[in-house]
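Reading through the structure tokens given below for one structure.
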Amino acid sequence: MQATTKPLRFLWSLSSVGDKLRRTRSMTAMSGLPPMAEHVDFCRQAEHCGIDALLMAFGFTRPDPVAYSVALGARTQKIRFLVAVRSGICAPTYFVQQINTLSALTDGRVCINIVVGRAPDELRYYGDFLTHDERYERTDEFWRICHELWRGEGPVTFTGRHYRVEDARVNTPFVSDTATRPQIYLGGASAQASELATRHADCWLTFPDTPERLAPKIRPMLDSGKEVGLLVTLISRPSRADAIAAAHALVADAGEQARAVHGTNHGRSDSVGYAAAYERAAHEPSWPTPYLWTGAVPYLGPPGISLVGSPEDIVGAIAEYQSIGISQFLFMGHPDLEQMTFFGKEILPLVREREQAEVAS
């Protein structure tokens, strides 16, 4: 299979920055008060490390991602903010107004991560009592309205099961030198997620698997003209032995209490992707490839699926995924600042050298 010609892009999650063991605790024990100074420093370092965007997660354990992106955007120059949004939280017209305002305040440094929700009890905190499939139906309606507003072809009238707007318009435009709307990402593994990404997103985010198993799964998405990215933890050190030791140390630091937390989380989620990742980690070898490790999943959840190895190992792994069509990587690290800095200094230059060599050949 031909390698993708799209240049690789790298994103990072702000989710656990400043608290590397955050995901080992129950959600009710997580603080939603952000370490502002630490996050500003991280954002600025991300700009130096070649990171394209930072994920601003949504949930009751987080600050509001739109408001927080405004604050961080005022203190940075280049980094983009990947703002997570759920339908059902606000009306689509108001959401477009929010995002367009954010674009005006940050010179267009905003992109969107569509999330549909995965924990029904947490969704009910926000008054959301819909089932898994109903949430996807509502999200489809939400984004149909948003796209029409961004197209700006006139007042928008829409009548659906979940939303109804009449002659809707937003007079605050999306501010960007290159686009009339934000780039849109969507994560999920269900058939509904795939269909929704095809209709409304620019890039589909999924958990990693072996390239052999992942290739046929992502092929329809690539054939539809969408990009595909991986959400994955990065554990890289100067040598492979050091990286493997760091991976096992991470599990040891998390402890059995973390395993108990995620045993509970598994039962609370109705996410197809999360359920599949927990099951694979429980019943398959923890090293499905020499660089892909699922040993942290019982302790950190599915985002703990990791690429582990030396810089050369990681570059090789990235190249394998690129060869099946993956063009973006959304990383987490433990600890994030040190791992991102290592990535920017030791891994990213090797990736770019390989890309340049391929272009020259």
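Ligands are numbered from 1 in the order shown, residues from 1 within each chain, and chains are lettered A, B, ... in the order they appear in the structure tokens.
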Quiz prompt | Spatial neighbours of region 253-269 of chain A, max dist 6 Å, only C-alpha atoms, sep filter under 4 positions, as a PyMOL selection string | solution = chain A and resi 24+26+118-119+298-299
Quiz item: DSSP says alpha helix (DSSP H) for which residues of region 295-337 of chain A? Put them as a PyMOL selection string?
Solution: chain A and resi 297-300+311-323+336-337
Exercise. Measuring atom to atom with only C-alpha atoms, identify which of A:Arg219, A:His200, A:Arg164, A:His132 is nearest to Val272 (chain A).
Key: A:His132
Exercise. Select, from A:Val66, A:Leu11, A:Ala91, A:Leu21, the residue with the minimum atom-to-atom distance to Cys43 (chain A), counting only C-alpha atoms.
Key: A:Leu11
Exercise. Find the residues near Phe58 (chain A): any atom within 10 Å, counting only C-alpha atoms, skip ones fewer than 5 places away on the same chain, and give them as a list in words.
Key: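 The residues that qualify are Ser15, Pro63, Asp64, Pro65, Val66, Val83, Ala84, Val85, Arg86, Asn113, Val115 and Gly117 of chain A.
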For the residues in the current selection, export N, CA and C atoms as a PDB file, in the first residue's frame.
ATOM      1  N   SER A  15      -4.868  17.131  28.887  1.00  0.00           N
ATOM      2  CA  SER A  15      -5.719  16.531  29.911  1.00  0.00           C
ATOM      3  C   SER A  15      -5.028  16.262  31.241  1.00  0.00           C
ATOM      4  N   PRO A  63     -11.977  22.617  33.385  1.00  0.00           N
ATOM      5  CA  PRO A  63     -12.502  23.953  33.158  1.00  0.00           C
ATOM      6  C   PRO A  63     -13.246  23.969  31.822  1.00  0.00           C
ATOM      7  N   ASP A  64     -14.113  24.945  31.630  1.00  0.00           N
ATOM      8  CA  ASP A  64     -14.812  25.058  30.359  1.00  0.00           C
ATOM      9  C   ASP A  64     -13.789  25.225  29.237  1.00  0.00           C
ATOM     10  N   PRO A  65     -13.819  24.373  28.205  1.00  0.00           N
ATOM     11  CA  PRO A  65     -12.747  24.408  27.195  1.00  0.00           C
ATOM     12  C   PRO A  65     -12.742  25.659  26.327  1.00  0.00           C
ATOM     13  N   VAL A  66     -13.896  26.266  26.074  1.00  0.00           N
ATOM     14  CA  VAL A  66     -13.912  27.483  25.262  1.00  0.00           C
ATOM     15  C   VAL A  66     -13.320  28.643  26.045  1.00  0.00           C
ATOM     16  N   VAL A  83     -10.807  22.169  20.734  1.00  0.00           N
ATOM     17  CA  VAL A  83     -11.853  22.325  21.747  1.00  0.00           C
ATOM     18  C   VAL A  83     -12.877  21.208  21.637  1.00  0.00           C
ATOM     19  N   ALA A  84     -13.031  20.431  22.701  1.00  0.00           N
ATOM     20  CA  ALA A  84     -14.022  19.353  22.720  1.00  0.00           C
ATOM     21  C   ALA A  84     -15.411  19.933  22.960  1.00  0.00           C
ATOM     22  N   VAL A  85     -16.390  19.384  22.244  1.00  0.00           N
ATOM     23  CA  VAL A  85     -17.768  19.860  22.394  1.00  0.00           C
ATOM     24  C   VAL A  85     -18.735  18.690  22.297  1.00  0.00           C
ATOM     25  N   ARG A  86     -19.746  18.722  23.161  1.00  0.00           N
ATOM     26  CA  ARG A  86     -20.844  17.760  23.088  1.00  0.00           C
ATOM     27  C   ARG A  86     -22.111  18.479  22.632  1.00  0.00           C
ATOM     28  N   ASN A 113     -13.143  19.204  18.474  1.00  0.00           N
ATOM     29  CA  ASN A 113     -13.207  17.759  18.684  1.00  0.00           C
ATOM     30  C   ASN A 113     -14.642  17.401  19.053  1.00  0.00           C
ATOM     31  N   VAL A 115     -17.319  15.226  20.505  1.00  0.00           N
ATOM     32  CA  VAL A 115     -17.454  14.092  21.416  1.00  0.00           C
ATOM     33  C   VAL A 115     -18.940  13.865  21.674  1.00  0.00           C
ATOM     34  N   GLY A 117     -19.976  11.589  24.143  1.00  0.00           N
ATOM     35  CA  GLY A 117     -20.148  11.176  25.535  1.00  0.00           C
ATOM     36  C   GLY A 117     -20.047   9.674  25.682  1.00  0.00           C
TER      37      GLY A 117
END
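Comparing the minimum interatomic distances between Ser16 (chain A) and each of A:Pro303, A:Gly316, A:Pro290, A:Pro311, counting only C-alpha atoms, we find that A:Pro303 sits nearest.
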